[in-house]
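Everything below concerns the one structure shown next.
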Amino acid sequence: TLFPYTTLFRSLDVSNITTTSRDTIMINIEKLAKGCPKLTRFRTTNTMLGLNETPIREQIASPAFPHLEELTIGVDQRGYYDGMDDNQIERILKRSAKLRVLDIRNCKGISDSTLVRLPCWDMEYLHVAGSSICTSSRDGLELLIKKWCRTLQELDIATTTDTRTVDWAIMAMVENEEYLKLRKLNLNGTGVSLKALTKLLLCCGTLESLNLTSCRALPRGMKRMYHNREDVEGLSKDIADGKFDPKDAGDRKSTRLNS
């Protein structure tokens, strides 16, 4: 039985819980939804948390979390736990139209098609680095960016190594430049091309944090962290002034950038 005052709870943080046996901690999310109808923030980062199997009828009848604004369920990269999957995400977020923050870093069982179907349209902080979203298909990440690029303020797609996957996502933002509000972009360890990056810098004047460390397809001297708007503006100027030799960039090019 849930604690009688849980109906007042608006934030639940069970992050960084460890067990000696490394067993997954199972919870009944449908009962939690009934007990915490006002929940706006749910954090399980780095906790091996899973959902109990419940009858389909119970899942359908669940009110879920209509007030939820933040779900952070990212896991570490040690491989002990692959994170939640499509079914679990759907059970949590099926009625979360107000969701603004989603962190699924390193979760290996979540597909882009599931996220595209979510009822939320005003995502502001999206962290999918190391997740299956970045590797399952080349256009999956692009579809998500197209859905949420008008409201995104922070995007983390680090370690997405396929150049086309990254470039198509970047171009989805470029194509909506009049709406861009992006402030922070993490491209650490990605295959982003110089051409795609240059186009983004030309159309997005709100960037104040840009991580280009270990981006293999970029010229030497560019692969570093840009900590503020002045740094980002300096990078744009250096590119325009020809400071970086394009021949020094990686040889993987996106066929979608010729227009």
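Letters for chains follow the order of the structure tokens (A, B, ...), residue numbers begin at 1 for each chain, and ligand numbers begin at 1 in the order shown.
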message: For the structure I just gave you, how does DSSP split range 181-258 of chain A - specifically, which residues are strand (DSSP E or B)? Reply as a ChimeraX atom specification.
response: /A:184-186,209-211,225-226
Write a file of the just-selected residues containing all heavy atoms, as a tab-separated table (two decimals), in the first residue's frame.
```tsv
chain	number	residue	atom	x	y	z
A	184	LYS	N	22.44	24.83	-25.81
A	184	LYS	CA	23.53	23.90	-25.52
A	184	LYS	C	23.44	22.70	-26.45
A	184	LYS	O	22.37	22.11	-26.60
A	184	LYS	CB	23.48	23.44	-24.06
A	184	LYS	CG	23.68	24.56	-23.05
A	184	LYS	CD	23.69	24.02	-21.63
A	184	LYS	CE	23.93	25.13	-20.62
A	184	LYS	NZ	23.97	24.62	-19.23
A	185	LEU	N	24.59	22.36	-27.05
A	185	LEU	CA	24.64	21.23	-27.97
A	185	LEU	C	25.89	20.41	-27.69
A	185	LEU	O	27.01	20.92	-27.75
A	185	LEU	CB	24.67	21.73	-29.42
A	185	LEU	CG	24.78	20.66	-30.51
A	185	LEU	CD1	23.61	19.70	-30.46
A	185	LEU	CD2	24.88	21.33	-31.89
A	186	ASN	N	25.69	19.13	-27.38
A	186	ASN	CA	26.81	18.23	-27.10
A	186	ASN	C	27.00	17.29	-28.28
A	186	ASN	O	26.18	16.40	-28.51
A	186	ASN	CB	26.55	17.44	-25.82
A	186	ASN	CG	27.75	16.59	-25.42
A	186	ASN	OD1	28.80	16.61	-26.08
A	186	ASN	ND2	27.61	15.83	-24.34
A	209	SER	N	26.87	27.04	-25.60
A	209	SER	CA	27.71	25.93	-25.18
A	209	SER	C	27.73	24.90	-26.30
A	209	SER	O	26.68	24.44	-26.75
A	209	SER	CB	27.17	25.29	-23.89
A	209	SER	OG	27.94	24.15	-23.54
A	210	LEU	N	28.93	24.55	-26.76
A	210	LEU	CA	29.08	23.63	-27.88
A	210	LEU	C	30.27	22.71	-27.61
A	210	LEU	O	31.40	23.17	-27.48
A	210	LEU	CB	29.29	24.40	-29.18
A	210	LEU	CG	29.54	23.59	-30.45
A	210	LEU	CD1	28.34	22.70	-30.78
A	210	LEU	CD2	29.85	24.52	-31.63
A	211	ASN	N	30.01	21.41	-27.55
A	211	ASN	CA	31.07	20.44	-27.27
A	211	ASN	C	31.43	19.72	-28.56
A	211	ASN	O	30.66	18.92	-29.08
A	211	ASN	CB	30.59	19.44	-26.22
A	211	ASN	CG	31.72	18.56	-25.71
A	211	ASN	OD1	32.79	18.49	-26.31
A	211	ASN	ND2	31.49	17.87	-24.60
A	225	MET	N	35.91	22.12	-26.42
A	225	MET	CA	34.70	22.61	-25.78
A	225	MET	C	34.62	24.12	-25.92
A	225	MET	O	35.59	24.83	-25.65
A	225	MET	CB	34.71	22.21	-24.29
A	225	MET	CG	33.49	22.66	-23.54
A	225	MET	SD	32.03	21.71	-23.98
A	225	MET	CE	30.74	22.75	-23.29
A	226	TYR	N	33.47	24.62	-26.34
A	226	TYR	CA	33.21	26.06	-26.44
A	226	TYR	C	32.21	26.40	-25.33
A	226	TYR	O	31.05	26.00	-25.37
A	226	TYR	CB	32.68	26.41	-27.82
A	226	TYR	CG	33.67	26.07	-28.92
A	226	TYR	CD1	33.75	24.77	-29.44
A	226	TYR	CD2	34.56	27.02	-29.39
A	226	TYR	CE1	34.68	24.45	-30.41
A	226	TYR	CE2	35.50	26.71	-30.38
A	226	TYR	CZ	35.55	25.42	-30.87
A	226	TYR	OH	36.49	25.09	-31.85
```
message: So that I can check the surroundings of Lys181 in chain A, please list as a ChimeraX atom specification every protein, DNA and RNA residue that reaches within 10 Å of it, counting only C-alpha atoms and ignoring chain neighbours fewer than 3 positions away.
response: /A:124,149-154,173,177-178,184,204-207
message: Residues near Asp76 in chain A, anyone? I mean within 8 Å using only C-alpha atoms, not counting same-chain ones fewer than 4 positions away, as JSON, numbers by chain.
response: {"A": [46, 105, 106]}
task: Mind checking which residues fall within 12 Å of Thr135 in chain A, counting only C-alpha atoms, ignoring those fewer than 5 positions away in the same chain, and posting them as a PyMOL selection string?
output: chain A and resi 106-112+128-130+140-142+157-166+190
- request: Just the residues within 12 Å of Asp86 in chain A, please, counting only C-alpha atoms, with nothing from its chain fewer than 6 positions along; format it as a PyMOL selection string.
  value: chain A and resi 50-51+92-94+104+107-118+132-133
Contacts of Ser236 in chain A at 12 Å (only C-alpha atoms; same-chain gap of 5+ positions) as number ranges by chain: A: 194, 197-205, 207, 210, 222, 226, 229-231, 241-244
query: Rounded to one decimal in Å, what is the spacing between CA of Met48 in chain A and CA of Ile145 in chain A?
result: 28.0 Å
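Between CA of Trp148 in chain A and CA of Thr72 in chain A the separation is 17.4 Å.
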message: Could you tell me how far CA of Gly234 in chain A sits from CA of Glu208 in chain A, in Å to one decimal place?
response: 11.4 Å
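With only C-alpha atoms as the atoms that count, the minimum distance from Cys120 in chain A to the choices A:Arg100, A:Arg91, A:Arg57, A:Lys34 is reached by A:Arg100.
With only C-alpha atoms as the basis for measurement, A:Ile73 is the residue among A:Leu218, A:Leu102, A:Leu32, A:Ile73 that approaches Asp85 in chain A most closely.
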What lies within 9 Å of Arg224 in chain A using only C-alpha atoms, ignoring chain neighbours under 5 positions off, as a short mmCIF file (atom, residue, chain, number, x, y, z; two decimals) with N, CA and C atoms, in the first residue's frame?
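out31.cif written:
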```cif
data_model
loop_
_atom_site.label_atom_id
_atom_site.label_comp_id
_atom_site.auth_asym_id
_atom_site.auth_seq_id
_atom_site.Cartn_x
_atom_site.Cartn_y
_atom_site.Cartn_z
N ASN A 188 30.09 15.74 -28.66
CA ASN A 188 31.32 15.03 -28.29
C ASN A 188 31.36 13.63 -28.88
N LEU A 210 28.93 24.55 -26.76
CA LEU A 210 29.08 23.63 -27.88
C LEU A 210 30.27 22.71 -27.61
N ASN A 211 30.01 21.41 -27.55
CA ASN A 211 31.07 20.44 -27.27
C ASN A 211 31.43 19.72 -28.56
N LEU A 212 32.64 19.99 -29.06
CA LEU A 212 33.13 19.36 -30.29
C LEU A 212 34.35 18.48 -30.02
N THR A 213 34.58 18.12 -28.78
CA THR A 213 35.74 17.29 -28.48
C THR A 213 35.60 15.92 -29.14
N SER A 214 36.72 15.42 -29.65
CA SER A 214 36.79 14.08 -30.26
C SER A 214 35.89 13.89 -31.46
N CYS A 215 35.56 14.98 -32.17
CA CYS A 215 34.76 14.86 -33.40
C CYS A 215 35.71 14.59 -34.56
#
```
